[in-house]
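Q: The file below is my_file_32.txt, compact mmCIF, N, CA and C atoms:
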```txt
# COMPACT_ATOMS: atom_id res chain seq x y z
N MET Q 393 -6.95 -19.42 18.52
CA MET Q 393 -8.21 -19.11 17.84
C MET Q 393 -7.91 -18.27 16.60
N ASN Q 394 -8.59 -18.55 15.53
CA ASN Q 394 -8.46 -17.82 14.29
C ASN Q 394 -8.83 -16.34 14.48
N ARG Q 395 -8.10 -15.45 13.84
CA ARG Q 395 -8.35 -14.01 13.96
C ARG Q 395 -9.74 -13.62 13.48
N ILE Q 396 -10.31 -14.37 12.54
CA ILE Q 396 -11.68 -14.08 12.09
C ILE Q 396 -12.66 -14.32 13.23
N ASN Q 397 -12.51 -15.43 13.95
CA ASN Q 397 -13.38 -15.69 15.11
C ASN Q 397 -13.25 -14.57 16.13
N LYS Q 398 -12.02 -14.18 16.43
CA LYS Q 398 -11.80 -13.10 17.41
C LYS Q 398 -12.47 -11.81 16.99
N LEU Q 399 -12.35 -11.47 15.70
CA LEU Q 399 -12.98 -10.25 15.20
C LEU Q 399 -14.47 -10.26 15.47
N PHE Q 400 -15.15 -11.34 15.09
CA PHE Q 400 -16.60 -11.39 15.24
C PHE Q 400 -17.05 -11.59 16.69
N GLU Q 401 -16.18 -12.06 17.55
CA GLU Q 401 -16.51 -12.11 18.98
C GLU Q 401 -16.47 -10.72 19.59
N ASN Q 402 -15.56 -9.88 19.10
CA ASN Q 402 -15.36 -8.56 19.68
C ASN Q 402 -16.14 -7.45 18.98
N LYS Q 403 -16.60 -7.71 17.76
CA LYS Q 403 -17.28 -6.67 16.99
C LYS Q 403 -18.36 -7.33 16.15
N THR Q 404 -19.60 -6.95 16.38
CA THR Q 404 -20.70 -7.63 15.70
C THR Q 404 -21.31 -6.82 14.56
N ASP Q 405 -20.97 -5.56 14.46
CA ASP Q 405 -21.51 -4.77 13.35
C ASP Q 405 -20.51 -3.70 12.93
N HIS Q 406 -20.80 -3.05 11.83
CA HIS Q 406 -19.94 -2.01 11.27
C HIS Q 406 -18.51 -2.52 11.04
N ILE Q 407 -18.42 -3.70 10.49
CA ILE Q 407 -17.12 -4.29 10.19
C ILE Q 407 -16.70 -3.85 8.79
N LEU Q 408 -15.51 -3.27 8.71
CA LEU Q 408 -14.99 -2.78 7.44
C LEU Q 408 -14.03 -3.80 6.86
N SER Q 409 -14.44 -4.40 5.75
CA SER Q 409 -13.61 -5.35 5.01
C SER Q 409 -13.20 -4.69 3.71
N VAL Q 410 -11.91 -4.68 3.42
CA VAL Q 410 -11.40 -4.01 2.22
C VAL Q 410 -10.70 -5.03 1.33
N TYR Q 411 -11.05 -4.99 0.05
CA TYR Q 411 -10.47 -5.88 -0.97
C TYR Q 411 -9.46 -5.11 -1.81
N PHE Q 412 -8.37 -5.77 -2.14
CA PHE Q 412 -7.46 -5.26 -3.17
C PHE Q 412 -6.78 -6.44 -3.83
N THR Q 413 -6.26 -6.21 -5.03
CA THR Q 413 -5.61 -7.26 -5.79
C THR Q 413 -4.12 -7.27 -5.50
N ALA Q 414 -3.59 -8.45 -5.19
CA ALA Q 414 -2.15 -8.60 -4.94
C ALA Q 414 -1.37 -8.21 -6.20
N GLY Q 415 -0.31 -7.45 -6.01
CA GLY Q 415 0.53 -7.06 -7.14
C GLY Q 415 0.01 -5.87 -7.92
N TYR Q 416 -0.97 -5.18 -7.40
CA TYR Q 416 -1.54 -4.00 -8.04
C TYR Q 416 -1.56 -2.85 -7.05
N PRO Q 417 -1.20 -1.66 -7.41
CA PRO Q 417 -0.84 -1.20 -8.75
C PRO Q 417 0.58 -1.58 -9.18
N SER Q 418 1.45 -1.82 -8.20
CA SER Q 418 2.81 -2.25 -8.52
C SER Q 418 3.05 -3.62 -7.89
N LEU Q 419 3.98 -4.34 -8.43
CA LEU Q 419 4.22 -5.72 -8.03
C LEU Q 419 4.46 -5.88 -6.53
N ASN Q 420 5.21 -4.97 -5.94
CA ASN Q 420 5.60 -5.13 -4.54
C ASN Q 420 4.76 -4.32 -3.56
N ASP Q 421 3.55 -3.93 -3.95
CA ASP Q 421 2.69 -3.11 -3.09
C ASP Q 421 1.83 -3.93 -2.12
N THR Q 422 1.79 -5.23 -2.25
CA THR Q 422 0.82 -6.05 -1.52
C THR Q 422 0.90 -5.86 -0.01
N VAL Q 423 2.07 -6.06 0.57
CA VAL Q 423 2.20 -5.95 2.03
C VAL Q 423 2.06 -4.50 2.48
N ALA Q 424 2.57 -3.57 1.70
CA ALA Q 424 2.45 -2.15 2.06
C ALA Q 424 0.98 -1.73 2.13
N ILE Q 425 0.18 -2.19 1.19
CA ILE Q 425 -1.25 -1.87 1.20
C ILE Q 425 -1.92 -2.52 2.40
N ALA Q 426 -1.61 -3.78 2.66
CA ALA Q 426 -2.19 -4.47 3.81
C ALA Q 426 -1.83 -3.76 5.11
N LYS Q 427 -0.58 -3.37 5.23
CA LYS Q 427 -0.12 -2.65 6.43
C LYS Q 427 -0.87 -1.32 6.57
N TYR Q 428 -1.00 -0.60 5.50
CA TYR Q 428 -1.71 0.68 5.53
C TYR Q 428 -3.17 0.48 5.96
N LEU Q 429 -3.84 -0.53 5.37
CA LEU Q 429 -5.24 -0.77 5.72
C LEU Q 429 -5.40 -1.14 7.19
N ASP Q 430 -4.47 -1.93 7.70
CA ASP Q 430 -4.50 -2.30 9.12
C ASP Q 430 -4.39 -1.04 9.98
N HIS Q 431 -3.45 -0.20 9.69
CA HIS Q 431 -3.22 1.02 10.49
C HIS Q 431 -4.31 2.06 10.28
N ALA Q 432 -5.01 2.01 9.13
CA ALA Q 432 -6.06 2.98 8.84
C ALA Q 432 -7.41 2.60 9.45
N GLY Q 433 -7.51 1.41 10.04
CA GLY Q 433 -8.73 1.04 10.74
C GLY Q 433 -9.59 -0.02 10.07
N ALA Q 434 -9.12 -0.63 9.00
CA ALA Q 434 -9.89 -1.74 8.42
C ALA Q 434 -9.95 -2.87 9.45
N ASP Q 435 -11.04 -3.61 9.44
CA ASP Q 435 -11.21 -4.73 10.36
C ASP Q 435 -10.75 -6.05 9.75
N LEU Q 436 -10.77 -6.12 8.43
CA LEU Q 436 -10.51 -7.36 7.71
C LEU Q 436 -9.99 -7.00 6.32
N ILE Q 437 -9.02 -7.75 5.85
CA ILE Q 437 -8.45 -7.50 4.52
C ILE Q 437 -8.69 -8.72 3.65
N GLU Q 438 -9.18 -8.48 2.44
CA GLU Q 438 -9.31 -9.53 1.42
C GLU Q 438 -8.31 -9.22 0.32
N ILE Q 439 -7.35 -10.12 0.14
CA ILE Q 439 -6.33 -9.93 -0.90
C ILE Q 439 -6.70 -10.82 -2.08
N GLY Q 440 -6.91 -10.19 -3.23
CA GLY Q 440 -7.28 -10.92 -4.42
C GLY Q 440 -6.08 -11.62 -5.05
N ILE Q 441 -6.27 -12.87 -5.42
CA ILE Q 441 -5.26 -13.63 -6.13
C ILE Q 441 -5.49 -13.38 -7.62
N PRO Q 442 -4.54 -12.73 -8.30
CA PRO Q 442 -4.75 -12.42 -9.72
C PRO Q 442 -4.99 -13.68 -10.56
N PHE Q 443 -5.90 -13.54 -11.51
CA PHE Q 443 -6.27 -14.64 -12.40
C PHE Q 443 -6.46 -14.08 -13.80
N SER Q 444 -6.10 -14.85 -14.79
CA SER Q 444 -6.12 -14.37 -16.18
C SER Q 444 -7.51 -14.23 -16.77
N ASP Q 445 -8.51 -14.84 -16.17
CA ASP Q 445 -9.85 -14.80 -16.75
C ASP Q 445 -10.91 -14.61 -15.67
N PRO Q 446 -10.88 -13.46 -14.98
CA PRO Q 446 -11.82 -13.24 -13.87
C PRO Q 446 -13.20 -12.78 -14.35
N VAL Q 447 -13.88 -13.64 -15.10
CA VAL Q 447 -15.12 -13.25 -15.76
C VAL Q 447 -16.27 -12.96 -14.81
N ALA Q 448 -16.22 -13.45 -13.58
CA ALA Q 448 -17.31 -13.18 -12.63
C ALA Q 448 -17.15 -11.81 -11.97
N ASP Q 449 -16.02 -11.16 -12.22
CA ASP Q 449 -15.76 -9.85 -11.62
C ASP Q 449 -16.05 -8.74 -12.61
N GLY Q 450 -16.22 -7.55 -12.07
CA GLY Q 450 -16.47 -6.39 -12.91
C GLY Q 450 -15.21 -5.87 -13.55
N PRO Q 451 -15.34 -4.83 -14.37
CA PRO Q 451 -14.20 -4.31 -15.13
C PRO Q 451 -13.05 -3.78 -14.27
N THR Q 452 -13.33 -3.24 -13.10
CA THR Q 452 -12.26 -2.70 -12.26
C THR Q 452 -11.37 -3.82 -11.75
N ILE Q 453 -11.97 -4.88 -11.24
CA ILE Q 453 -11.18 -6.00 -10.73
C ILE Q 453 -10.53 -6.77 -11.89
N GLN Q 454 -11.22 -6.87 -13.01
CA GLN Q 454 -10.60 -7.50 -14.19
C GLN Q 454 -9.33 -6.76 -14.58
N GLU Q 455 -9.41 -5.44 -14.59
CA GLU Q 455 -8.24 -4.63 -14.96
C GLU Q 455 -7.12 -4.78 -13.94
N SER Q 456 -7.45 -4.76 -12.65
CA SER Q 456 -6.39 -4.90 -11.64
C SER Q 456 -5.74 -6.28 -11.73
N ASN Q 457 -6.50 -7.30 -12.04
CA ASN Q 457 -5.93 -8.64 -12.24
C ASN Q 457 -4.96 -8.64 -13.42
N GLN Q 458 -5.37 -8.04 -14.51
CA GLN Q 458 -4.51 -8.00 -15.70
C GLN Q 458 -3.21 -7.27 -15.42
N VAL Q 459 -3.31 -6.12 -14.77
CA VAL Q 459 -2.11 -5.34 -14.44
C VAL Q 459 -1.20 -6.13 -13.50
N ALA Q 460 -1.78 -6.75 -12.48
CA ALA Q 460 -0.99 -7.53 -11.53
C ALA Q 460 -0.25 -8.67 -12.22
N LEU Q 461 -0.94 -9.36 -13.12
CA LEU Q 461 -0.28 -10.44 -13.86
C LEU Q 461 0.82 -9.91 -14.77
N GLU Q 462 0.56 -8.79 -15.43
CA GLU Q 462 1.58 -8.16 -16.27
C GLU Q 462 2.77 -7.69 -15.43
N ASN Q 463 2.50 -7.31 -14.19
CA ASN Q 463 3.57 -6.91 -13.27
C ASN Q 463 4.44 -8.10 -12.85
N GLY Q 464 3.90 -9.32 -13.04
CA GLY Q 464 4.66 -10.52 -12.69
C GLY Q 464 4.18 -11.24 -11.45
N MET Q 465 2.98 -10.89 -10.95
CA MET Q 465 2.47 -11.56 -9.76
C MET Q 465 2.13 -13.01 -10.06
N THR Q 466 2.58 -13.88 -9.17
CA THR Q 466 2.29 -15.31 -9.22
C THR Q 466 1.89 -15.76 -7.82
N MET Q 467 1.36 -16.95 -7.72
CA MET Q 467 1.01 -17.48 -6.41
C MET Q 467 2.28 -17.64 -5.55
N LYS Q 468 3.33 -18.15 -6.15
CA LYS Q 468 4.59 -18.32 -5.43
C LYS Q 468 5.10 -16.98 -4.90
N LEU Q 469 5.09 -15.98 -5.73
CA LEU Q 469 5.55 -14.65 -5.31
C LEU Q 469 4.63 -14.06 -4.25
N LEU Q 470 3.33 -14.27 -4.38
CA LEU Q 470 2.40 -13.76 -3.37
C LEU Q 470 2.75 -14.32 -2.00
N PHE Q 471 3.00 -15.62 -1.91
CA PHE Q 471 3.35 -16.21 -0.62
C PHE Q 471 4.71 -15.71 -0.13
N GLU Q 472 5.64 -15.48 -1.04
CA GLU Q 472 6.93 -14.91 -0.64
C GLU Q 472 6.73 -13.52 -0.05
N GLN Q 473 5.88 -12.72 -0.67
CA GLN Q 473 5.60 -11.38 -0.16
C GLN Q 473 4.91 -11.43 1.20
N LEU Q 474 4.01 -12.39 1.37
CA LEU Q 474 3.25 -12.46 2.62
C LEU Q 474 4.03 -13.09 3.76
N ALA Q 475 5.24 -13.56 3.50
CA ALA Q 475 6.03 -14.25 4.54
C ALA Q 475 6.24 -13.39 5.78
N GLY Q 476 6.40 -12.09 5.63
CA GLY Q 476 6.59 -11.21 6.78
C GLY Q 476 5.34 -10.46 7.19
N LEU Q 477 4.21 -10.85 6.64
CA LEU Q 477 2.96 -10.13 6.86
C LEU Q 477 2.60 -9.97 8.33
N ARG Q 478 2.71 -11.03 9.10
CA ARG Q 478 2.24 -10.99 10.48
C ARG Q 478 3.11 -10.16 11.41
N SER Q 479 4.29 -9.77 10.98
CA SER Q 479 5.08 -8.84 11.79
C SER Q 479 4.58 -7.41 11.60
N GLU Q 480 3.74 -7.20 10.59
CA GLU Q 480 3.26 -5.85 10.27
C GLU Q 480 1.74 -5.68 10.32
N VAL Q 481 1.00 -6.78 10.18
CA VAL Q 481 -0.45 -6.71 10.06
C VAL Q 481 -1.07 -7.64 11.10
N THR Q 482 -1.98 -7.08 11.92
CA THR Q 482 -2.58 -7.86 13.00
C THR Q 482 -4.02 -8.29 12.73
N ILE Q 483 -4.69 -7.64 11.78
CA ILE Q 483 -6.09 -7.95 11.51
C ILE Q 483 -6.20 -9.20 10.64
N PRO Q 484 -7.40 -9.81 10.59
CA PRO Q 484 -7.58 -11.00 9.76
C PRO Q 484 -7.31 -10.71 8.28
N VAL Q 485 -6.73 -11.71 7.63
CA VAL Q 485 -6.42 -11.63 6.20
C VAL Q 485 -7.04 -12.84 5.51
N ILE Q 486 -7.77 -12.54 4.44
CA ILE Q 486 -8.40 -13.57 3.63
C ILE Q 486 -7.84 -13.47 2.22
N LEU Q 487 -7.53 -14.60 1.61
CA LEU Q 487 -7.18 -14.62 0.19
C LEU Q 487 -8.44 -14.96 -0.59
N MET Q 488 -8.67 -14.22 -1.67
CA MET Q 488 -9.88 -14.41 -2.46
C MET Q 488 -9.50 -14.59 -3.91
N GLY Q 489 -10.08 -15.58 -4.54
CA GLY Q 489 -9.80 -15.77 -5.95
C GLY Q 489 -10.50 -16.97 -6.52
N TYR Q 490 -10.12 -17.28 -7.72
CA TYR Q 490 -10.69 -18.42 -8.43
C TYR Q 490 -9.92 -19.68 -8.06
N ILE Q 491 -10.59 -20.80 -8.12
CA ILE Q 491 -10.01 -22.05 -7.65
C ILE Q 491 -8.93 -22.60 -8.59
N ASN Q 492 -8.99 -22.29 -9.88
CA ASN Q 492 -8.05 -22.87 -10.84
C ASN Q 492 -6.58 -22.62 -10.49
N PRO Q 493 -6.17 -21.39 -10.19
CA PRO Q 493 -4.75 -21.19 -9.83
C PRO Q 493 -4.36 -21.94 -8.55
N VAL Q 494 -5.30 -22.10 -7.64
CA VAL Q 494 -5.03 -22.82 -6.40
C VAL Q 494 -4.83 -24.30 -6.70
N LEU Q 495 -5.67 -24.84 -7.55
CA LEU Q 495 -5.51 -26.25 -7.93
C LEU Q 495 -4.20 -26.48 -8.66
N GLN Q 496 -3.80 -25.54 -9.50
CA GLN Q 496 -2.51 -25.65 -10.20
C GLN Q 496 -1.35 -25.59 -9.21
N PHE Q 497 -1.48 -24.79 -8.18
CA PHE Q 497 -0.45 -24.67 -7.15
C PHE Q 497 -0.41 -25.92 -6.29
N GLY Q 498 -1.58 -26.53 -6.12
CA GLY Q 498 -1.73 -27.70 -5.26
C GLY Q 498 -2.48 -27.29 -4.00
N MET Q 499 -3.63 -27.89 -3.76
CA MET Q 499 -4.47 -27.47 -2.65
C MET Q 499 -3.77 -27.63 -1.30
N LYS Q 500 -3.11 -28.75 -1.08
CA LYS Q 500 -2.43 -28.95 0.20
C LYS Q 500 -1.28 -27.96 0.36
N ALA Q 501 -0.51 -27.75 -0.71
CA ALA Q 501 0.60 -26.78 -0.65
C ALA Q 501 0.06 -25.38 -0.39
N PHE Q 502 -1.08 -25.04 -1.02
CA PHE Q 502 -1.70 -23.74 -0.82
C PHE Q 502 -2.12 -23.56 0.64
N CYS Q 503 -2.79 -24.56 1.19
CA CYS Q 503 -3.25 -24.48 2.59
C CYS Q 503 -2.07 -24.35 3.54
N LYS Q 504 -1.03 -25.12 3.30
CA LYS Q 504 0.15 -25.05 4.16
C LYS Q 504 0.79 -23.67 4.09
N LYS Q 505 0.93 -23.13 2.89
CA LYS Q 505 1.51 -21.78 2.73
C LYS Q 505 0.64 -20.73 3.43
N CYS Q 506 -0.67 -20.88 3.34
CA CYS Q 506 -1.57 -19.95 4.04
C CYS Q 506 -1.30 -19.99 5.54
N GLN Q 507 -1.19 -21.18 6.08
CA GLN Q 507 -0.90 -21.31 7.50
C GLN Q 507 0.47 -20.72 7.83
N ASP Q 508 1.46 -20.99 7.01
CA ASP Q 508 2.82 -20.51 7.25
C ASP Q 508 2.91 -18.99 7.31
N VAL Q 509 2.14 -18.29 6.45
CA VAL Q 509 2.24 -16.83 6.39
C VAL Q 509 1.18 -16.12 7.22
N GLY Q 510 0.24 -16.87 7.81
CA GLY Q 510 -0.75 -16.26 8.68
C GLY Q 510 -2.04 -15.83 8.01
N VAL Q 511 -2.40 -16.46 6.89
CA VAL Q 511 -3.69 -16.19 6.26
C VAL Q 511 -4.76 -16.89 7.10
N ASP Q 512 -5.86 -16.19 7.33
CA ASP Q 512 -6.92 -16.70 8.21
C ASP Q 512 -8.04 -17.42 7.48
N GLY Q 513 -8.25 -17.08 6.23
CA GLY Q 513 -9.35 -17.69 5.50
C GLY Q 513 -9.21 -17.46 4.01
N VAL Q 514 -10.11 -18.11 3.28
CA VAL Q 514 -10.11 -18.01 1.82
C VAL Q 514 -11.54 -17.87 1.32
N ILE Q 515 -11.67 -17.25 0.17
CA ILE Q 515 -12.96 -17.17 -0.53
C ILE Q 515 -12.70 -17.64 -1.96
N PHE Q 516 -13.39 -18.69 -2.35
CA PHE Q 516 -13.33 -19.20 -3.73
C PHE Q 516 -14.76 -19.25 -4.26
N PRO Q 517 -15.24 -18.19 -4.89
CA PRO Q 517 -16.64 -18.16 -5.34
C PRO Q 517 -17.00 -19.27 -6.32
N ASP Q 518 -16.02 -19.80 -7.03
CA ASP Q 518 -16.32 -20.83 -8.03
C ASP Q 518 -16.07 -22.25 -7.53
N LEU Q 519 -15.88 -22.42 -6.22
CA LEU Q 519 -15.74 -23.75 -5.63
C LEU Q 519 -17.11 -24.18 -5.09
N PRO Q 520 -17.76 -25.14 -5.75
CA PRO Q 520 -19.08 -25.57 -5.27
C PRO Q 520 -18.99 -26.11 -3.85
N ILE Q 521 -19.99 -25.79 -3.04
CA ILE Q 521 -19.98 -26.18 -1.64
C ILE Q 521 -19.89 -27.70 -1.48
N GLU Q 522 -20.54 -28.43 -2.37
CA GLU Q 522 -20.50 -29.89 -2.28
C GLU Q 522 -19.07 -30.41 -2.48
N VAL Q 523 -18.35 -29.81 -3.41
CA VAL Q 523 -16.96 -30.21 -3.67
C VAL Q 523 -16.09 -29.83 -2.48
N TYR Q 524 -16.30 -28.63 -1.95
CA TYR Q 524 -15.56 -28.21 -0.77
C TYR Q 524 -15.77 -29.20 0.37
N GLN Q 525 -17.03 -29.50 0.67
CA GLN Q 525 -17.34 -30.37 1.80
C GLN Q 525 -16.77 -31.78 1.60
N LYS Q 526 -16.85 -32.30 0.40
CA LYS Q 526 -16.41 -33.66 0.13
C LYS Q 526 -14.89 -33.78 0.03
N GLU Q 527 -14.25 -32.79 -0.63
CA GLU Q 527 -12.83 -32.95 -0.96
C GLU Q 527 -11.87 -32.09 -0.15
N TYR Q 528 -12.32 -30.95 0.36
CA TYR Q 528 -11.35 -30.00 0.91
C TYR Q 528 -11.61 -29.55 2.34
N GLN Q 529 -12.79 -29.73 2.87
CA GLN Q 529 -13.11 -29.18 4.17
C GLN Q 529 -12.15 -29.66 5.25
N SER Q 530 -11.85 -30.93 5.28
CA SER Q 530 -10.96 -31.44 6.33
C SER Q 530 -9.55 -30.87 6.17
N LEU Q 531 -9.12 -30.66 4.95
CA LEU Q 531 -7.80 -30.07 4.71
C LEU Q 531 -7.76 -28.62 5.20
N PHE Q 532 -8.81 -27.86 4.89
CA PHE Q 532 -8.88 -26.47 5.35
C PHE Q 532 -8.86 -26.42 6.88
N GLU Q 533 -9.63 -27.29 7.49
CA GLU Q 533 -9.69 -27.33 8.95
C GLU Q 533 -8.34 -27.72 9.54
N GLN Q 534 -7.65 -28.66 8.90
CA GLN Q 534 -6.32 -29.08 9.36
C GLN Q 534 -5.36 -27.90 9.41
N TYR Q 535 -5.48 -26.98 8.46
CA TYR Q 535 -4.57 -25.84 8.40
C TYR Q 535 -5.17 -24.56 9.00
N GLY Q 536 -6.31 -24.67 9.66
CA GLY Q 536 -6.89 -23.54 10.37
C GLY Q 536 -7.44 -22.45 9.48
N LEU Q 537 -7.91 -22.82 8.29
CA LEU Q 537 -8.43 -21.84 7.34
C LEU Q 537 -9.96 -21.83 7.32
N HIS Q 538 -10.52 -20.64 7.45
CA HIS Q 538 -11.94 -20.50 7.23
C HIS Q 538 -12.17 -20.47 5.73
N ASN Q 539 -13.23 -21.11 5.28
CA ASN Q 539 -13.65 -20.99 3.89
C ASN Q 539 -14.96 -20.24 3.89
N THR Q 540 -14.90 -19.01 3.45
CA THR Q 540 -16.06 -18.15 3.45
C THR Q 540 -16.82 -18.41 2.17
N LEU Q 541 -17.88 -19.17 2.26
CA LEU Q 541 -18.65 -19.55 1.07
C LEU Q 541 -19.68 -18.52 0.72
```
As structure tokens, please, write out the structure in this file.
A:
Amino acid sequence: MNRINKLFENKTDHILSVYFTAGYPSLNDTVAIAKYLDHAGADLIEIGIPFSDPVADGPTIQESNQVALENGMTMKLLFEQLAGLRSEVTIPVILMGYINPVLQFGMKAFCKKCQDVGVDGVIFPDLPIEVYQKEYQSLFEQYGLHNTL
């Protein structure tokens, strides 16, 4: 069973979900921050995938995206960093970002990497639900990923 399902079966309110941008403030901080949040009592972690044009986000997230990209964060590097995540982090992990970098990486490759490293779900605010349902829902389900719309 997906860790997100388990969380909501065991806890129905006062769920603390914390967002941070991968590769910020320093390139190699991603897993350390996730580990800290897990041990500090967060219930769910949302890791932002840096993007060069995060126009739907506010200035704080825009700045963290820019710094992370300048630090050298890429999708490939993010998955390399997350490879050992599940030996250190037990709570659900969601990747959140814009769909364009995922499409450039390849949707099937992205879903497979998520499964390989233990990502439980994704949030793509700019992926229309109709497109998700028609083109990607079965792929997400195949790899055990929740799509939080």
Q: What gap, in Å, lies between atom C of Pro442 of chain Q and atom CA of Gly489 of chain Q?
A: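 Value for the atom C of Pro442 of chain Q-atom CA of Gly489 of chain Q distance: 7.0 Å.
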Q: Find the residues near Asp430 of chain Q: any atom within 10 Å, counting only C-alpha atoms, skip ones fewer than 4 places away on the same chain, and give them as a tab-separated table (two decimals) with N, CA and C atoms, keeping the file's coordinate frame.
A:
```
chain	number	residue	atom	x	y	z
Q	410	VAL	N	-11.91	-4.68	3.42
Q	410	VAL	CA	-11.40	-4.01	2.22
Q	410	VAL	C	-10.70	-5.03	1.33
Q	424	ALA	N	2.57	-3.57	1.70
Q	424	ALA	CA	2.45	-2.15	2.06
Q	424	ALA	C	0.98	-1.73	2.13
Q	425	ILE	N	0.18	-2.19	1.19
Q	425	ILE	CA	-1.25	-1.87	1.20
Q	425	ILE	C	-1.92	-2.52	2.40
Q	426	ALA	N	-1.61	-3.78	2.66
Q	426	ALA	CA	-2.19	-4.47	3.81
Q	426	ALA	C	-1.83	-3.76	5.11
Q	434	ALA	N	-9.12	-0.63	9.00
Q	434	ALA	CA	-9.89	-1.74	8.42
Q	434	ALA	C	-9.95	-2.87	9.45
Q	435	ASP	N	-11.04	-3.61	9.44
Q	435	ASP	CA	-11.21	-4.73	10.36
Q	435	ASP	C	-10.75	-6.05	9.75
Q	436	LEU	N	-10.77	-6.12	8.43
Q	436	LEU	CA	-10.51	-7.36	7.71
Q	436	LEU	C	-9.99	-7.00	6.32
Q	437	ILE	N	-9.02	-7.75	5.85
Q	437	ILE	CA	-8.45	-7.50	4.52
Q	437	ILE	C	-8.69	-8.72	3.65
Q	480	GLU	N	3.74	-7.20	10.59
Q	480	GLU	CA	3.26	-5.85	10.27
Q	480	GLU	C	1.74	-5.68	10.32
Q	481	VAL	N	1.00	-6.78	10.18
Q	481	VAL	CA	-0.45	-6.71	10.06
Q	481	VAL	C	-1.07	-7.64	11.10
Q	482	THR	N	-1.98	-7.08	11.92
Q	482	THR	CA	-2.58	-7.86	13.00
Q	482	THR	C	-4.02	-8.29	12.73
Q	483	ILE	N	-4.69	-7.64	11.78
Q	483	ILE	CA	-6.09	-7.95	11.51
Q	483	ILE	C	-6.20	-9.20	10.64
Q	484	PRO	N	-7.40	-9.81	10.59
Q	484	PRO	CA	-7.58	-11.00	9.76
Q	484	PRO	C	-7.31	-10.71	8.28
Q	485	VAL	N	-6.73	-11.71	7.63
Q	485	VAL	CA	-6.42	-11.63	6.20
Q	485	VAL	C	-7.04	-12.84	5.51
```
Q: Which is closer to Gly464 of chain Q than all the others in Q:Leu495, Q:Val509, Q:Leu519, Q:Ala414, using only C-alpha atoms?
A: Q:Ala414
Q: Could you please determine the separation between atom C of Leu537 of chain Q and atom N of Gly513 of chain Q in Å, to one decimal place?
A: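 Interatomic distance, atom C of Leu537 of chain Q to atom N of Gly513 of chain Q: 5.2 Å.
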Q: Tell me which of Q:Asn492, Q:Thr413, Q:Asn394, Q:Gln473 sits closest to Val459 of chain Q, counting only C-alpha atoms.
A: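 Smallest separation from Val459 of chain Q among the options: Q:Thr413.
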Q: Leaving out Asn457 of chain Q and any residue of its chain fewer than 2 positions from it, which residues lie within 8 Å of it when counting all atoms listed in the file, given as number ranges by chain?
A: Q: 413-416, 440-446, 451-455, 459-463
Q: Please produce a file of the residues just selected, as a short mmCIF file (atom, residue, chain, number, x, y, z; two decimals), in the frame of the given file, where the atoms kept are N, CA and C atoms.
A:
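Output below, filename result-v1.cif:
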```cif
data_model
loop_
_atom_site.label_atom_id
_atom_site.label_comp_id
_atom_site.auth_asym_id
_atom_site.auth_seq_id
_atom_site.Cartn_x
_atom_site.Cartn_y
_atom_site.Cartn_z
N THR Q 413 -6.26 -6.21 -5.03
CA THR Q 413 -5.61 -7.26 -5.79
C THR Q 413 -4.12 -7.27 -5.50
N ALA Q 414 -3.59 -8.45 -5.19
CA ALA Q 414 -2.15 -8.60 -4.94
C ALA Q 414 -1.37 -8.21 -6.20
N GLY Q 415 -0.31 -7.45 -6.01
CA GLY Q 415 0.53 -7.06 -7.14
C GLY Q 415 0.01 -5.87 -7.92
N TYR Q 416 -0.97 -5.18 -7.40
CA TYR Q 416 -1.54 -4.00 -8.04
C TYR Q 416 -1.56 -2.85 -7.05
N GLY Q 440 -6.91 -10.19 -3.23
CA GLY Q 440 -7.28 -10.92 -4.42
C GLY Q 440 -6.08 -11.62 -5.05
N ILE Q 441 -6.27 -12.87 -5.42
CA ILE Q 441 -5.26 -13.63 -6.13
C ILE Q 441 -5.49 -13.38 -7.62
N PRO Q 442 -4.54 -12.73 -8.30
CA PRO Q 442 -4.75 -12.42 -9.72
C PRO Q 442 -4.99 -13.68 -10.56
N PHE Q 443 -5.90 -13.54 -11.51
CA PHE Q 443 -6.27 -14.64 -12.40
C PHE Q 443 -6.46 -14.08 -13.80
N SER Q 444 -6.10 -14.85 -14.79
CA SER Q 444 -6.12 -14.37 -16.18
C SER Q 444 -7.51 -14.23 -16.77
N ASP Q 445 -8.51 -14.84 -16.17
CA ASP Q 445 -9.85 -14.80 -16.75
C ASP Q 445 -10.91 -14.61 -15.67
N PRO Q 446 -10.88 -13.46 -14.98
CA PRO Q 446 -11.82 -13.24 -13.87
C PRO Q 446 -13.20 -12.78 -14.35
N PRO Q 451 -15.34 -4.83 -14.37
CA PRO Q 451 -14.20 -4.31 -15.13
C PRO Q 451 -13.05 -3.78 -14.27
N THR Q 452 -13.33 -3.24 -13.10
CA THR Q 452 -12.26 -2.70 -12.26
C THR Q 452 -11.37 -3.82 -11.75
N ILE Q 453 -11.97 -4.88 -11.24
CA ILE Q 453 -11.18 -6.00 -10.73
C ILE Q 453 -10.53 -6.77 -11.89
N GLN Q 454 -11.22 -6.87 -13.01
CA GLN Q 454 -10.60 -7.50 -14.19
C GLN Q 454 -9.33 -6.76 -14.58
N GLU Q 455 -9.41 -5.44 -14.59
CA GLU Q 455 -8.24 -4.63 -14.96
C GLU Q 455 -7.12 -4.78 -13.94
N VAL Q 459 -3.31 -6.12 -14.77
CA VAL Q 459 -2.11 -5.34 -14.44
C VAL Q 459 -1.20 -6.13 -13.50
N ALA Q 460 -1.78 -6.75 -12.48
CA ALA Q 460 -0.99 -7.53 -11.53
C ALA Q 460 -0.25 -8.67 -12.22
N LEU Q 461 -0.94 -9.36 -13.12
CA LEU Q 461 -0.28 -10.44 -13.86
C LEU Q 461 0.82 -9.91 -14.77
N GLU Q 462 0.56 -8.79 -15.43
CA GLU Q 462 1.58 -8.16 -16.27
C GLU Q 462 2.77 -7.69 -15.43
N ASN Q 463 2.50 -7.31 -14.19
CA ASN Q 463 3.57 -6.91 -13.27
C ASN Q 463 4.44 -8.10 -12.85
#
```
Q: Which is closer to Ile439 of chain Q than all the others in Q:Met488, Q:Ser479, Q:Asp508, Q:Ser530, using only N, CA and C atoms?
A: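 Of Q:Met488, Q:Ser479, Q:Asp508, Q:Ser530, the one nearest Ile439 of chain Q is Q:Met488, counting only N, CA and C atoms.
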